[in-house]
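Structure, as structure tokens:
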Amino acid sequence: DTPIVGGDLTGGERLSLAITVLGSAPRPLARSGAQPGDTIYVTGALGGPGAALAAWERGETPSATHRERFARPEARLEAGIWFARHGATAAIDISDGLAGDAAHLAAASGVRCLLRLDALPRVAGVSARDALVSGEEYELLVTAPALDTTRFAAENVGLALHAIGVVEQAGSPGAGAAGEVIAEEGG
């Protein structure tokens with residue numbers, strides 16, 4: 001007699017299946033560990049799933065690259081293990097869009113995130129603003145005092161790691177509230 005609510009379960013014209021995978025980790029990376037001064041990193045390139053969805057909504061066929069990113073996302077499990085071993089302070093997968101998931105991480109950590117739009121890695125044909133909100137990416141958003149992006153790529157089969165911003169203290173004079181995400185050009 002327990003009602004099922006939320007997500008894809010509240011209603012719809014078609015059957016929707018959700019799968020949950022459980023596991024364990026010797027050092028899990030929570031959303032709540034980001035510290036002021038940490039660098040914000042993201043794996044891979046963003047925007048493909050959002051571009052595919054936008055094409056479908058216009059009645060068009062998305063490019064093969066955009067469709068592939070939507071239809072076959074890659075779980076970044078090995079990358080997550082690497083981050084835990086190399087000093088990452090917090091992490092979250094990007095399913096609600098970079099802006100949304102950065103806000104979740106910032107709120108859980110009691111900080112704010114300053115993102116540089118010009119630093120966002122994007123798939124071809126996607127603007128920085130669209131990459132910022134594209135969901136279902138499943139790339140990883142990670143914070144750390146410093147990570148070696150070249151070593152990361154070498155040890156993760158060429159997967160790119162990009163520094164895209166900085167974690168700032170929230171609530172001090174002139175600083176925004178915890179959970180706030182600011183995305184701006186340059187920096």
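FYI, nothing fancy with the structure tokens labels: chains A, B, ... in order, residues from 1 per chain, ligands from 1 as they appear.
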
Who sits within 8 Å of Arg76 (chain A), only C-alpha atoms, same chain under 6 positions skipped, as a short mmCIF file (atom, residue, chain, number, x, y, z; two decimals) with C-alpha atoms, in the first residue's frame:
```
data_model
loop_
_atom_site.label_atom_id
_atom_site.label_comp_id
_atom_site.auth_asym_id
_atom_site.auth_seq_id
_atom_site.Cartn_x
_atom_site.Cartn_y
_atom_site.Cartn_z
CA TYR A 138 26.58 10.94 -17.11
CA GLU A 139 29.95 12.63 -17.26
CA LEU A 140 31.45 13.39 -13.85
#
```

Spatial neighbours of region 101-112 of chain A, max dist 6 Å, only C-alpha atoms, sep filter under 5 positions, as JSON, numbers by chain = {"A": [31, 32, 33, 34, 94, 96, 167, 168, 169, 170, 178, 179, 180, 181]}

Long-range neighbours of Pro26 (chain A) as a list in words, 10 Å cut-off, only C-alpha atoms, 4 positions minimum in chain | Ile81, Ala84 and Arg85 of chain A

For the residues selected in the previous step, produce a file with N, CA, C and O atoms as a PDB file, in the first residue's frame.
```
ATOM      1  N   ILE A  81      36.799   5.981  -9.552  1.00  0.00           N
ATOM      2  CA  ILE A  81      37.791   5.326  -8.691  1.00  0.00           C
ATOM      3  C   ILE A  81      39.098   6.108  -8.723  1.00  0.00           C
ATOM      4  O   ILE A  81      39.731   6.331  -7.681  1.00  0.00           O
ATOM      5  N   ALA A  84      38.800   9.230  -6.565  1.00  0.00           N
ATOM      6  CA  ALA A  84      38.853   8.918  -5.129  1.00  0.00           C
ATOM      7  C   ALA A  84      40.285   8.660  -4.682  1.00  0.00           C
ATOM      8  O   ALA A  84      40.677   9.035  -3.580  1.00  0.00           O
ATOM      9  N   ARG A  85      41.079   8.043  -5.538  1.00  0.00           N
ATOM     10  CA  ARG A  85      42.477   7.736  -5.204  1.00  0.00           C
ATOM     11  C   ARG A  85      43.408   8.943  -5.322  1.00  0.00           C
ATOM     12  O   ARG A  85      44.523   8.907  -4.817  1.00  0.00           O
TER      13      ARG A  85
END
```

Using only C-alpha atoms, which residues sit within 9 Å of region 42-53 of chain A once same-chain residues fewer than 2 positions away are excluded, as an NGL selection string?
-> :A and (40 or 55-58 or 61-71 or 73 or 76 or 79 or 97-98 or 120-128 or 130-137 or 139-143 or 159-164)

How far is it from CA of Ala30 (chain A) to CA of Cys113 (chain A), in Å with one decimal?
-> 16.0 Å

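All residues in region 10-72 of chain A with a DSSP state of strand (DSSP E or B), computed from the backbone, read Thr39, Ile40, Tyr41, Val42, Thr43 and Leu46 of chain A.
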
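Among A:Ala99, A:Ala18, A:Ile182, A:Leu147, the residue with the shortest atom-to-atom distance to Trp82 (chain A), counting only C-alpha atoms, is A:Leu147.
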
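Here CA of Gln35 (chain A) is placed at a distance of 7.4 Å from CA of Thr89 (chain A).
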
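CA of Gly186 (chain A) sits 10.1 Å away from CA of Gly165 (chain A).
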
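Among the candidates A:Asp93, A:Ala54, A:Glu185, A:Gly80, the residue lying nearest to Pro28 (chain A) is A:Gly80 (atoms considered: only C-alpha atoms).
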